[in-house]
$ cat target-v7.cif   # mmCIF, C-alpha atoms
data_data
loop_
_atom_site.group_PDB
_atom_site.id
_atom_site.type_symbol
_atom_site.label_atom_id
_atom_site.label_comp_id
_atom_site.auth_asym_id
_atom_site.auth_seq_id
_atom_site.Cartn_x
_atom_site.Cartn_y
_atom_site.Cartn_z
ATOM 1 C CA MET A 239 37.341 10.679 -30.719
ATOM 2 C CA SER A 240 39.831 8.538 -28.817
ATOM 3 C CA GLY A 241 39.859 10.703 -25.685
ATOM 4 C CA ARG A 242 36.139 10.444 -25.118
ATOM 5 C CA HIS A 243 34.593 8.553 -22.240
ATOM 6 C CA PRO A 244 32.960 5.327 -23.506
ATOM 7 C CA LEU A 245 29.640 6.376 -22.001
ATOM 8 C CA PHE A 246 29.649 9.808 -23.683
ATOM 9 C CA MET A 247 27.805 8.826 -26.868
ATOM 10 C CA PRO A 248 25.345 6.434 -25.131
ATOM 11 C CA LEU A 249 24.403 9.205 -22.685
ATOM 12 C CA ILE A 250 23.901 11.760 -25.475
ATOM 13 C CA PHE A 251 21.712 9.184 -27.221
ATOM 14 C CA VAL A 252 19.590 8.512 -24.114
ATOM 15 C CA GLY A 253 19.228 12.261 -23.515
ATOM 16 C CA GLY A 254 18.105 12.679 -27.127
ATOM 17 C CA LEU A 255 15.588 9.835 -26.742
ATOM 18 C CA ILE A 256 13.954 11.465 -23.697
ATOM 19 C CA PHE A 257 14.081 14.899 -25.352
ATOM 20 C CA GLY A 258 12.443 13.563 -28.526
ATOM 21 C CA PHE A 259 9.875 11.537 -26.601
ATOM 22 C CA GLY A 260 8.950 14.709 -24.715
ATOM 23 C CA LEU A 261 8.564 16.653 -27.964
ATOM 24 C CA GLY A 262 6.303 13.904 -29.306
ATOM 25 C CA PHE A 263 4.269 13.639 -26.096
ATOM 26 C CA SER A 264 3.830 17.414 -25.860
ATOM 27 C CA HIS A 265 2.570 17.509 -29.484
ATOM 28 C CA MET A 266 5.253 20.094 -30.327
ATOM 29 C CA ALA A 267 6.232 17.826 -33.220
ATOM 30 C CA ARG A 268 2.947 18.844 -34.858
ATOM 31 C CA PRO A 269 3.202 22.249 -36.576
ATOM 32 C CA GLU A 270 -0.568 22.701 -36.237
ATOM 33 C CA VAL A 271 -0.313 22.722 -32.430
ATOM 34 C CA VAL A 272 2.436 25.357 -32.470
ATOM 35 C CA LEU A 273 0.372 27.481 -34.885
ATOM 36 C CA ASP A 274 -2.653 27.096 -32.562
ATOM 37 C CA PHE A 275 -0.556 28.640 -29.817
ATOM 38 C CA LEU A 276 0.711 31.505 -31.981
ATOM 39 C CA GLN A 277 -2.867 32.158 -33.138
ATOM 40 C CA PHE A 278 -4.125 32.134 -29.518
ATOM 41 C CA THR A 279 -6.431 29.123 -29.704
ATOM 42 C CA ASP A 280 -4.420 26.848 -27.374
ATOM 43 C CA PHE A 281 -1.872 28.175 -24.913
ATOM 44 C CA GLY A 282 -0.468 24.760 -23.975
ATOM 45 C CA LEU A 283 2.950 25.543 -25.497
ATOM 46 C CA LEU A 284 3.662 27.800 -22.532
ATOM 47 C CA PHE A 285 3.600 24.740 -20.267
ATOM 48 C CA VAL A 286 6.070 22.947 -22.515
ATOM 49 C CA MET A 287 8.609 25.748 -22.654
ATOM 50 C CA PHE A 288 8.388 26.806 -19.022
ATOM 51 C CA GLY A 289 8.075 23.220 -17.785
ATOM 52 C CA ALA A 290 11.272 22.323 -19.600
ATOM 53 C CA ALA A 291 13.067 25.520 -18.500
ATOM 54 C CA ILE A 292 12.175 24.898 -14.840
ATOM 55 C CA VAL A 293 13.694 21.405 -14.994
ATOM 56 C CA THR A 294 16.899 22.645 -16.639
ATOM 57 C CA GLY A 295 16.944 25.672 -14.327
ATOM 58 C CA ILE A 296 17.010 23.440 -11.247
ATOM 59 C CA ALA A 297 19.817 21.286 -12.662
ATOM 60 C CA PHE A 298 21.877 24.276 -13.854
ATOM 61 C CA THR A 299 21.571 25.874 -10.418
ATOM 62 C CA VAL A 300 22.097 22.844 -8.223
ATOM 63 C CA MET A 301 24.878 20.959 -10.032
ATOM 64 C CA PRO A 302 27.548 23.683 -9.775
ATOM 65 C CA MET A 303 26.942 23.684 -5.998
ATOM 66 C CA VAL A 304 27.304 19.910 -5.727
ATOM 67 C CA THR A 305 30.425 19.365 -7.797
ATOM 68 C CA ASP A 306 32.695 21.249 -10.186
ATOM 69 C CA ARG A 307 33.068 18.992 -13.154
ATOM 70 C CA ALA A 308 30.948 16.671 -15.261
ATOM 71 C CA PRO A 309 32.039 13.015 -14.928
ATOM 72 C CA LEU A 310 32.172 12.116 -18.632
ATOM 73 C CA THR A 311 33.938 15.187 -20.007
ATOM 74 C CA GLY A 312 35.574 17.033 -17.127
ATOM 75 C CA ARG A 313 33.758 20.154 -18.301
ATOM 76 C CA THR A 314 32.918 22.726 -15.668
ATOM 77 C CA TYR A 315 29.240 22.850 -14.749
ATOM 78 C CA GLY A 316 27.760 26.242 -15.511
ATOM 79 C CA ARG A 317 24.882 28.140 -17.014
ATOM 80 C CA ARG A 318 24.282 28.680 -20.733
ATOM 81 C CA LEU A 319 25.259 32.296 -21.203
ATOM 82 C CA LYS A 320 25.737 33.757 -24.672
ATOM 83 C CA SER A 321 26.977 37.251 -25.317
ATOM 84 C CA PHE A 322 24.307 39.770 -26.222
ATOM 85 C CA ASP A 323 24.555 41.810 -29.409
ATOM 86 C CA ARG A 324 22.382 42.971 -32.301
ATOM 87 C CA ASN A 325 22.516 39.493 -33.885
ATOM 88 C CA VAL A 326 20.411 38.018 -31.089
ATOM 89 C CA LEU A 327 17.549 40.360 -32.002
ATOM 90 C CA ILE A 328 18.027 40.202 -35.791
ATOM 91 C CA GLY A 329 18.369 36.425 -35.805
ATOM 92 C CA GLY A 330 15.505 36.086 -33.342
ATOM 93 C CA ALA A 331 13.242 38.155 -35.594
ATOM 94 C CA VAL A 332 14.169 36.112 -38.692
ATOM 95 C CA PHE A 333 13.593 32.919 -36.704
ATOM 96 C CA GLY A 334 10.215 34.303 -35.586
ATOM 97 C CA VAL A 335 9.071 34.876 -39.161
ATOM 98 C CA GLY A 336 9.946 31.284 -40.028
ATOM 99 C CA TRP A 337 8.403 29.856 -36.870
ATOM 100 C CA GLY A 338 5.204 31.851 -37.348
ATOM 101 C CA LEU A 339 4.916 30.871 -41.004
ATOM 102 C CA SER A 340 5.552 27.141 -40.581
ATOM 103 C CA GLY A 341 4.996 26.240 -36.914
ATOM 104 C CA ILE A 342 8.314 24.436 -37.002
ATOM 105 C CA CYS A 343 11.580 24.775 -35.078
ATOM 106 C CA PRO A 344 14.680 22.560 -35.310
ATOM 107 C CA GLY A 345 14.170 20.072 -32.428
ATOM 108 C CA ALA A 346 10.464 19.715 -33.127
ATOM 109 C CA ALA A 347 11.173 19.125 -36.825
ATOM 110 C CA TYR A 348 13.509 16.192 -36.080
ATOM 111 C CA ALA A 349 10.913 14.780 -33.683
ATOM 112 C CA SER A 350 8.224 15.266 -36.322
ATOM 113 C CA LEU A 351 10.104 12.897 -38.595
ATOM 114 C CA GLY A 352 9.962 10.369 -35.745
ATOM 115 C CA ILE A 353 6.163 10.520 -35.517
ATOM 116 C CA GLY A 354 5.957 9.628 -39.197
ATOM 117 C CA ASN A 355 5.502 13.107 -40.639
ATOM 118 C CA VAL A 356 7.483 12.748 -43.877
ATOM 119 C CA THR A 357 6.059 16.055 -45.147
ATOM 120 C CA ILE A 358 8.319 17.736 -42.564
ATOM 121 C CA LEU A 359 11.297 16.981 -44.850
ATOM 122 C CA TRP A 360 10.337 20.195 -46.666
ATOM 123 C CA ALA A 361 10.998 22.131 -43.459
ATOM 124 C CA ILE A 362 14.214 20.261 -42.702
ATOM 125 C CA ALA A 363 15.461 20.929 -46.243
ATOM 126 C CA GLY A 364 14.598 24.605 -45.758
ATOM 127 C CA MET A 365 16.462 24.748 -42.438
ATOM 128 C CA PHE A 366 19.608 23.214 -43.892
ATOM 129 C CA ALA A 367 19.441 25.587 -46.859
ATOM 130 C CA GLY A 368 19.026 28.545 -44.493
ATOM 131 C CA ALA A 369 21.881 27.429 -42.254
ATOM 132 C CA TYR A 370 24.062 26.960 -45.341
ATOM 133 C CA LEU A 371 23.260 30.434 -46.716
ATOM 134 C CA GLN A 372 23.992 31.941 -43.322
ATOM 135 C CA GLY A 373 27.276 30.017 -43.184
ATOM 136 C CA VAL A 374 28.372 31.289 -46.598
ATOM 137 C CA TRP A 375 27.613 34.899 -45.620
ATOM 138 C CA ARG A 376 29.391 34.612 -42.286
ATOM 139 C CA SER A 377 32.395 32.869 -43.872
ATOM 140 C CA ARG A 378 32.727 35.692 -46.423
ATOM 141 C CA ALA A 379 32.260 38.372 -43.782
ATOM 142 C CA ALA A 380 34.963 36.769 -41.637
ATOM 143 C CA ALA A 381 37.306 36.556 -44.652
ATOM 144 C CA SER A 382 36.836 40.206 -45.643
ATOM 145 C CA GLU A 383 37.261 41.361 -42.049
ATOM 146 C CA SER A 384 40.619 39.649 -41.732
ATOM 147 C CA ALA A 385 41.812 40.892 -45.130
ATOM 148 C CA PRO A 386 44.324 43.738 -44.691
ATOM 149 C CA ALA A 387 43.053 46.060 -47.451
ATOM 150 C CA ARG A 388 39.380 46.907 -47.420
ATOM 151 C CA ALA A 389 37.500 48.690 -50.166
ATOM 152 C CA ASP A 390 35.590 50.921 -47.782
ATOM 153 C CA MET B 121 -21.680 26.987 -8.398
ATOM 154 C CA PHE B 122 -21.685 29.752 -10.967
ATOM 155 C CA ALA B 123 -18.322 31.001 -9.731
ATOM 156 C CA GLU B 124 -16.861 27.582 -10.367
ATOM 157 C CA LEU B 125 -18.111 27.451 -13.926
ATOM 158 C CA ILE B 126 -16.380 30.603 -15.089
ATOM 159 C CA PRO B 127 -12.778 29.589 -14.504
ATOM 160 C CA LEU B 128 -13.598 26.135 -15.826
ATOM 161 C CA SER B 129 -14.900 27.454 -19.141
ATOM 162 C CA LEU B 130 -11.979 29.864 -19.312
ATOM 163 C CA ALA B 131 -9.585 26.959 -18.834
ATOM 164 C CA ASP B 132 -11.424 25.139 -21.623
ATOM 165 C CA GLN B 133 -10.948 28.119 -23.867
ATOM 166 C CA LEU B 134 -7.277 28.620 -23.128
ATOM 167 C CA PHE B 135 -6.421 24.916 -23.062
ATOM 168 C CA PRO B 136 -8.956 23.021 -25.181
ATOM 169 C CA HIS B 137 -6.800 19.869 -25.032
ATOM 170 C CA GLY B 138 -6.027 20.174 -21.314
ATOM 171 C CA ILE B 139 -2.567 20.823 -19.978
ATOM 172 C CA GLU B 140 -1.339 17.351 -19.086
ATOM 173 C CA ARG B 141 0.271 16.506 -22.427
ATOM 174 C CA TYR B 142 2.011 19.885 -22.508
ATOM 175 C CA ALA B 143 3.225 19.867 -18.909
ATOM 176 C CA VAL B 144 4.396 16.239 -18.917
ATOM 177 C CA GLY B 145 5.984 16.614 -22.357
ATOM 178 C CA GLY B 146 7.760 19.800 -21.305
ATOM 179 C CA LEU B 147 9.156 18.190 -18.156
ATOM 180 C CA LEU B 148 10.498 15.333 -20.292
ATOM 181 C CA VAL B 149 12.098 17.722 -22.792
ATOM 182 C CA GLY B 150 13.836 19.402 -19.857
ATOM 183 C CA LEU B 151 14.806 16.022 -18.412
ATOM 184 C CA GLY B 152 16.425 14.995 -21.709
ATOM 185 C CA ALA B 153 18.558 18.145 -21.676
ATOM 186 C CA VAL B 154 19.396 17.585 -17.995
ATOM 187 C CA VAL B 155 20.530 13.978 -18.530
ATOM 188 C CA ILE B 156 23.087 15.225 -21.056
ATOM 189 C CA TYR B 157 24.089 18.132 -18.812
ATOM 190 C CA LEU B 158 24.620 15.959 -15.722
ATOM 191 C CA GLY B 159 26.971 13.615 -17.538
ATOM 192 C CA THR B 160 28.783 16.064 -19.784
ATOM 193 C CA GLY B 161 28.194 19.656 -18.643
ATOM 194 C CA ILE B 162 26.929 20.394 -22.176
ATOM 195 C CA HIS B 163 23.811 22.526 -22.739
ATOM 196 C CA ALA B 164 22.276 20.685 -25.656
ATOM 197 C CA GLY B 165 20.437 22.754 -28.263
ATOM 198 C CA ALA B 166 18.907 21.339 -31.414
ATOM 199 C CA SER B 167 19.795 23.967 -34.016
ATOM 200 C CA THR B 168 23.616 23.751 -34.050
ATOM 201 C CA PHE B 169 23.155 20.310 -35.642
ATOM 202 C CA LEU B 170 22.269 22.125 -38.867
ATOM 203 C CA GLU B 171 25.629 23.876 -39.117
ATOM 204 C CA SER B 172 27.749 21.131 -37.577
ATOM 205 C CA THR B 173 26.340 18.549 -39.989
ATOM 206 C CA LEU B 174 27.063 20.830 -42.952
ATOM 207 C CA SER B 175 30.755 20.661 -41.974
ATOM 208 C CA TYR B 176 30.781 17.054 -43.268
ATOM 209 C CA VAL B 177 30.020 18.251 -46.788
ATOM 210 C CA SER B 178 31.099 21.904 -46.978
ATOM 211 C CA ASP B 179 34.492 23.587 -46.672
ATOM 212 C CA GLN B 180 33.001 26.970 -45.691
ATOM 213 C CA SER B 181 35.103 28.318 -42.837
ATOM 214 C CA ARG B 182 32.041 29.129 -40.712
ATOM 215 C CA PHE B 183 31.136 25.448 -40.304
ATOM 216 C CA GLN B 184 34.594 24.206 -39.316
ATOM 217 C CA GLN B 185 34.263 25.450 -35.732
ATOM 218 C CA TYR B 186 31.692 22.696 -35.158
ATOM 219 C CA ARG B 187 33.859 19.768 -36.296
ATOM 220 C CA ALA B 188 34.603 18.687 -32.724
ATOM 221 C CA SER B 189 30.933 18.454 -31.766
ATOM 222 C CA ARG B 190 29.431 17.266 -35.040
ATOM 223 C CA ASP B 191 29.491 13.535 -34.214
ATOM 224 C CA TRP B 192 27.626 13.763 -30.932
ATOM 225 C CA ARG B 193 25.150 16.218 -32.440
ATOM 226 C CA VAL B 194 24.239 13.585 -35.038
ATOM 227 C CA VAL B 195 23.760 11.044 -32.226
ATOM 228 C CA PHE B 196 21.623 13.556 -30.283
ATOM 229 C CA THR B 197 19.418 14.166 -33.322
ATOM 230 C CA ILE B 198 19.003 10.454 -34.073
ATOM 231 C CA GLY B 199 17.978 10.099 -30.420
ATOM 232 C CA ILE B 200 15.356 12.844 -30.831
ATOM 233 C CA ILE B 201 13.900 11.161 -33.936
ATOM 234 C CA LEU B 202 13.783 7.717 -32.301
ATOM 235 C CA GLY B 203 12.416 9.092 -29.012
ATOM 236 C CA ALA B 204 9.537 10.678 -30.889
ATOM 237 C CA ALA B 205 9.097 7.400 -32.783
ATOM 238 C CA VAL B 206 8.747 5.547 -29.461
ATOM 239 C CA TYR B 207 5.994 8.022 -28.528
ATOM 240 C CA ALA B 208 4.350 7.440 -31.904
ATOM 241 C CA VAL B 209 4.361 3.649 -31.475
ATOM 242 C CA LEU B 210 3.178 3.632 -27.838
ATOM 243 C CA TRP B 211 0.630 6.484 -27.856
ATOM 244 C CA GLN B 212 -0.062 7.782 -31.325
ATOM 245 C CA GLY B 213 -0.639 4.392 -32.940
ATOM 246 C CA GLU B 214 -0.006 5.307 -36.558
ATOM 247 C CA ALA B 215 2.047 7.714 -38.641
ATOM 248 C CA TRP B 216 0.813 11.280 -38.413
ATOM 249 C CA THR B 217 1.247 13.758 -41.268
ATOM 250 C CA THR B 218 0.883 17.514 -41.184
ATOM 251 C CA ASP B 219 -1.623 19.388 -43.332
ATOM 252 C CA VAL B 220 0.522 22.542 -43.320
ATOM 253 C CA GLN B 221 1.388 23.227 -46.953
ATOM 254 C CA PRO B 222 4.866 22.274 -48.203
ATOM 255 C CA TRP B 223 5.685 25.838 -49.332
ATOM 256 C CA ARG B 224 5.047 27.124 -45.817
ATOM 257 C CA LEU B 225 7.296 24.428 -44.365
ATOM 258 C CA LEU B 226 10.061 25.078 -46.904
ATOM 259 C CA VAL B 227 10.043 28.879 -46.701
ATOM 260 C CA GLY B 228 9.476 28.832 -42.937
ATOM 261 C CA GLY B 229 12.326 26.351 -42.546
ATOM 262 C CA LEU B 230 14.596 28.610 -44.590
ATOM 263 C CA PHE B 231 13.928 31.556 -42.263
ATOM 264 C CA VAL B 232 14.296 29.328 -39.192
ATOM 265 C CA GLY B 233 17.630 28.030 -40.498
ATOM 266 C CA ILE B 234 19.002 31.510 -41.123
ATOM 267 C CA GLY B 235 17.542 33.083 -37.989
ATOM 268 C CA THR B 236 18.522 30.462 -35.474
ATOM 269 C CA ARG B 237 22.159 30.558 -36.576
ATOM 270 C CA ILE B 238 22.423 34.347 -36.616
ATOM 271 C CA GLY B 239 20.499 34.586 -33.348
ATOM 272 C CA LYS B 240 22.708 32.059 -31.486
ATOM 273 C CA GLY B 241 19.998 29.583 -30.642
ATOM 274 C CA CYS B 242 16.514 28.217 -31.081
ATOM 275 C CA THR B 243 13.556 27.184 -28.951
ATOM 276 C CA SER B 244 15.668 24.542 -27.192
ATOM 277 C CA GLY B 245 18.999 26.394 -26.940
ATOM 278 C CA HIS B 246 17.579 29.770 -25.913
ATOM 279 C CA GLY B 247 14.096 28.700 -24.819
ATOM 280 C CA VAL B 248 14.931 25.685 -22.666
ATOM 281 C CA CYS B 249 18.635 25.841 -21.756
ATOM 282 C CA GLY B 250 19.050 29.635 -21.945
ATOM 283 C CA VAL B 251 15.880 30.515 -20.031
ATOM 284 C CA GLY B 252 16.765 27.750 -17.542
ATOM 285 C CA SER B 253 20.071 29.569 -17.097
ATOM 286 C CA ALA B 254 18.225 32.866 -16.502
ATOM 287 C CA SER B 255 20.356 34.247 -19.353
ATOM 288 C CA LYS B 256 19.322 37.786 -20.301
ATOM 289 C CA THR B 257 20.523 37.185 -23.865
ATOM 290 C CA SER B 258 18.313 34.115 -24.192
ATOM 291 C CA ILE B 259 15.301 35.799 -22.623
ATOM 292 C CA ALA B 260 15.712 38.680 -25.113
ATOM 293 C CA GLY B 261 16.026 36.138 -27.942
ATOM 294 C CA VAL B 262 12.914 34.232 -26.853
ATOM 295 C CA MET B 263 10.852 37.410 -26.440
ATOM 296 C CA THR B 264 11.917 38.533 -29.916
ATOM 297 C CA PHE B 265 11.093 35.346 -31.758
ATOM 298 C CA LEU B 266 7.898 34.790 -29.788
ATOM 299 C CA LEU B 267 6.546 38.264 -30.602
ATOM 300 C CA VAL B 268 7.542 38.128 -34.273
ATOM 301 C CA ALA B 269 6.158 34.590 -34.629
ATOM 302 C CA ILE B 270 2.817 35.615 -33.107
ATOM 303 C CA VAL B 271 2.534 38.601 -35.460
ATOM 304 C CA THR B 272 3.537 36.444 -38.450
ATOM 305 C CA ALA B 273 1.111 33.624 -37.625
ATOM 306 C CA GLN B 274 -1.738 36.083 -37.076
ATOM 307 C CA LEU B 275 -1.009 37.794 -40.411
ATOM 308 C CA VAL B 276 -0.868 34.458 -42.211
ATOM 309 C CA GLN B 277 -4.227 33.585 -40.667
ATOM 310 C CA ALA B 278 -5.672 37.016 -41.462
ATOM 311 C CA VAL B 279 -4.880 36.722 -45.171
ATOM 312 C CA GLY B 280 -6.624 33.360 -45.149
ATOM 313 C CA VAL B 281 -3.762 30.887 -45.604
ATOM 314 C CA THR B 282 -4.892 27.493 -44.284
ATOM 315 C CA PRO B 283 -3.715 25.088 -43.310
#
$ encode --input "target-v7.cif" --output "structure tokens"
Amino acid sequence: MSGRHPLFMPLIFVGGLIFGFGLGFSHMARPEVVLDFLQFTDFGLLFVMFGAAIVTGIAFTVMPMVTDRAPLTGRTYGRRLKSFDRNVLIGGAVFGVGWGLSGICPGAAYASLGIGNVTILWAIAGMFAGAYLQGVWRSRAAASESAPARAD
Amino acid sequence: MFAELIPLSLADQLFPHGIERYAVGGLLVGLGAVVIYLGTGIHAGASTFLESTLSYVSDQSRFQQYRASRDWRVVFTIGIILGAAVYAVLWQGEAWTTDVQPWRLLVGGLFVGIGTRIGKGCTSGHGVCGVGSASKTSIAGVMTFLLVAIVTAQLVQAVGVTP
């Protein structure tokens, strides 16, 4: 993109590096450790999720007070607020089945590749297939909603 | 003396590998998201990469909304992979491979891929950025997937699937 700040991509990359290093260090890139948490034999995952959320929580609270806009994009600083509807619960439940079965979530799966876990490609292939299926359904639903004549 | 031993053994039970790796790792995960937020105002989640990357190869209308962000999401994901690789080189020493069976990874991944996109986020989008935002939607999302995942993992264990 021509309008982007030259430091935009390098900063995203550095953020990703720290994020991925943290996922490796916390052992979240190992499905076994996530499954240990879900099966109540090691509760360490709680420290990862809440530790991370506290750090972001401080930044998301403080930055809007300090200044209005981010230097590299001009975007307004704010919180991550998504609208609530049934999909949050349905999608969350489907996600939970997958997470509980495999011990894998998207960020941790990418990081898992980084720690040499080539077997994780099965999970990544599954995630792309799932996202594609979901995209096809949602594309069709959007098309039929905007069509003037509906069968029902 | 006895009173000191009880909480210690309880801590050993709850956290058999200690808490340092989890706490330090979690703070770094948050820091990575914050670095991006400070510069760009973007709340980076890991799961949108799945859909945005599909827009390179698919014409489905659903994916086209992510065209503007798909390039930086690829960069973010490459960063995550390489960041974990740096950890692997400095601490882990050698490549580590999971024993979880491929069918569990594939089928689990399929559900994760569908669920995260319908549910508007994953463990990083809802769990880290959303909870950090004190978003009620994200807290509801996290509670839902946490509860369902616990039930699923316990059932899988109960029917004897290992690893």
$ resolve_selection --input "target-v7.cif" --expression "the PyMOL selection byres ((chain A and resi 294) around 8)" --output "list in words"
Ala290, Ala291, Ile292, Val293, Gly295, Ile296, Ala297 and Phe298 of chain A; Gly150, Leu151, Ala153, Val154, Val248, Cys249, Gly252 and Ser253 of chain B
$ atom_distance --input "target-v7.cif" --atom1 "CA of Ala278 in chain B" --atom2 "CA of Ile342 in chain A"
19.3 Å
$ resolve_selection --input "target-v7.cif" --expression "the PyMOL selection byres ((chain B and resi 175-183) around 7)" --output "ChimeraX atom specification"
/A:373-374,376-377 /B:171-174,184-187
$ resolve_selection --input "target-v7.cif" --expression "the PyMOL selection byres ((chain B and resi 214-224) around 10)" --output "short mmCIF file (atom, residue, chain, number, x, y, z; two decimals) with C-alpha atoms, in the frame of the given file"
data_model
loop_
_atom_site.label_atom_id
_atom_site.label_comp_id
_atom_site.auth_asym_id
_atom_site.auth_seq_id
_atom_site.Cartn_x
_atom_site.Cartn_y
_atom_site.Cartn_z
CA ALA A 267 6.23 17.83 -33.22
CA ARG A 268 2.95 18.84 -34.86
CA PRO A 269 3.20 22.25 -36.58
CA GLU A 270 -0.57 22.70 -36.24
CA LEU A 273 0.37 27.48 -34.88
CA GLY A 336 9.95 31.28 -40.03
CA TRP A 337 8.40 29.86 -36.87
CA GLY A 338 5.20 31.85 -37.35
CA LEU A 339 4.92 30.87 -41.00
CA SER A 340 5.55 27.14 -40.58
CA GLY A 341 5.00 26.24 -36.91
CA ILE A 342 8.31 24.44 -37.00
CA SER A 350 8.22 15.27 -36.32
CA LEU A 351 10.10 12.90 -38.60
CA GLY A 352 9.96 10.37 -35.74
CA ILE A 353 6.16 10.52 -35.52
CA GLY A 354 5.96 9.63 -39.20
CA ASN A 355 5.50 13.11 -40.64
CA VAL A 356 7.48 12.75 -43.88
CA THR A 357 6.06 16.06 -45.15
CA ILE A 358 8.32 17.74 -42.56
CA LEU A 359 11.30 16.98 -44.85
CA TRP A 360 10.34 20.20 -46.67
CA ALA A 361 11.00 22.13 -43.46
CA GLY A 364 14.60 24.60 -45.76
CA ALA B 205 9.10 7.40 -32.78
CA ALA B 208 4.35 7.44 -31.90
CA VAL B 209 4.36 3.65 -31.48
CA LEU B 210 3.18 3.63 -27.84
CA TRP B 211 0.63 6.48 -27.86
CA GLN B 212 -0.06 7.78 -31.32
CA GLY B 213 -0.64 4.39 -32.94
CA LEU B 225 7.30 24.43 -44.36
CA LEU B 226 10.06 25.08 -46.90
CA VAL B 227 10.04 28.88 -46.70
CA GLY B 228 9.48 28.83 -42.94
CA GLY B 229 12.33 26.35 -42.55
CA LEU B 230 14.60 28.61 -44.59
CA VAL B 281 -3.76 30.89 -45.60
CA THR B 282 -4.89 27.49 -44.28
CA PRO B 283 -3.72 25.09 -43.31
#
$ atom_distance --input "target-v7.cif" --atom1 "CA of Gly258 in chain A" --atom2 "CA of Leu202 in chain B"
7.1 Å
$ closest_residue --input "target-v7.cif" --among "A:Ser382, A:Asp306, A:Pro248, A:Gln372" --to "chain B" --atoms "all atoms listed in the file"
A:Gln372
$ atom_distance --input "target-v7.cif" --atom1 "CA of Leu310 in chain A" --atom2 "CA of Leu148 in chain B"
22.0 Å
$ closest_residue --input "target-v7.cif" --among "B:Val268, B:Ile234, B:Ser258, B:Gln133" --to "Leu170 in chain B" --atoms "all atoms listed in the file"
B:Ile234
$ axis_aligned_box --input "target-v7.cif" --around "range 300-315 of chain A" --padding-each-side "5 Å" --output "lines of an AutoDock Vina configuration file"
center_x = 28.8
center_y = 17.9
center_z = -12.9
size_x = 23.5
size_y = 21.6
size_z = 24.3
$ closest_residue --input "target-v7.cif" --among "A:Met365, A:Gly312, A:Met303, A:Met266" --to "chain B" --atoms "only C-alpha atoms"
A:Met365
$ closest_residue --input "target-v7.cif" --among "A:His265, A:Phe278, A:Ala347, A:Val286" --to "chain B" --atoms "all atoms listed in the file"
A:Val286
$ closest_residue --input "target-v7.cif" --among "B:Val279, B:Val149, B:Ala254, B:Ala260" --to "chain A" --atoms "only C-alpha atoms"
B:Val149
$ residues_around --input "target-v7.cif" --residues "range 264-266 of chain B" --least-positions-apart "2" --cutoff "7 Å" --atoms "only C-alpha atoms" --output "number ranges by chain"
A: 327, 330-331, 333-334; B: 260-262, 268-270
$ residues_around --input "target-v7.cif" --residues "Gly245 in chain B" --least-positions-apart "4" --cutoff "9 Å" --atoms "only C-alpha atoms" --output "PyMOL selection string"
(chain A and resi 318) or (chain B and resi 163-168+240-241+249-251+258)
$ closest_residue --input "target-v7.cif" --among "B:Thr243, B:Gln277, B:Thr272, B:Thr236" --to "Val326 in chain A" --atoms "all atoms listed in the file"
B:Thr236
$ build_atoms --input "target-v7.cif" --residues "range 313-324 of chain A" --atoms "N, CA and C atoms" --output "CSV table (one decimal), in the frame of the given file"
chain,number,residue,atom,x,y,z
A,313,ARG,N,34.2,18.8,-18.1
A,313,ARG,CA,33.8,20.2,-18.3
A,313,ARG,C,33.2,20.8,-17.0
A,314,THR,N,33.4,22.0,-16.8
A,314,THR,CA,32.9,22.7,-15.7
A,314,THR,C,31.4,22.9,-15.8
A,315,TYR,N,30.7,22.6,-14.7
A,315,TYR,CA,29.2,22.8,-14.7
A,315,TYR,C,29.0,24.3,-14.7
A,316,GLY,N,28.1,24.8,-15.5
A,316,GLY,CA,27.8,26.2,-15.5
A,316,GLY,C,26.5,26.5,-16.2
A,317,ARG,N,26.1,27.8,-16.3
A,317,ARG,CA,24.9,28.1,-17.0
A,317,ARG,C,25.2,28.4,-18.5
A,318,ARG,N,24.1,28.4,-19.3
A,318,ARG,CA,24.3,28.7,-20.7
A,318,ARG,C,24.1,30.2,-20.9
A,319,LEU,N,25.3,30.8,-21.1
A,319,LEU,CA,25.3,32.3,-21.2
A,319,LEU,C,25.9,32.7,-22.5
A,320,LYS,N,25.2,33.3,-23.4
A,320,LYS,CA,25.7,33.8,-24.7
A,320,LYS,C,25.8,35.3,-24.6
A,321,SER,N,26.8,35.8,-25.3
A,321,SER,CA,27.0,37.3,-25.3
A,321,SER,C,25.8,37.9,-26.1
A,322,PHE,N,25.4,39.1,-25.6
A,322,PHE,CA,24.3,39.8,-26.2
A,322,PHE,C,24.8,40.8,-27.2
A,323,ASP,N,24.3,40.8,-28.4
A,323,ASP,CA,24.6,41.8,-29.4
A,323,ASP,C,23.4,41.9,-30.4
A,324,ARG,N,23.5,42.8,-31.4
A,324,ARG,CA,22.4,43.0,-32.3
A,324,ARG,C,21.9,41.7,-33.0
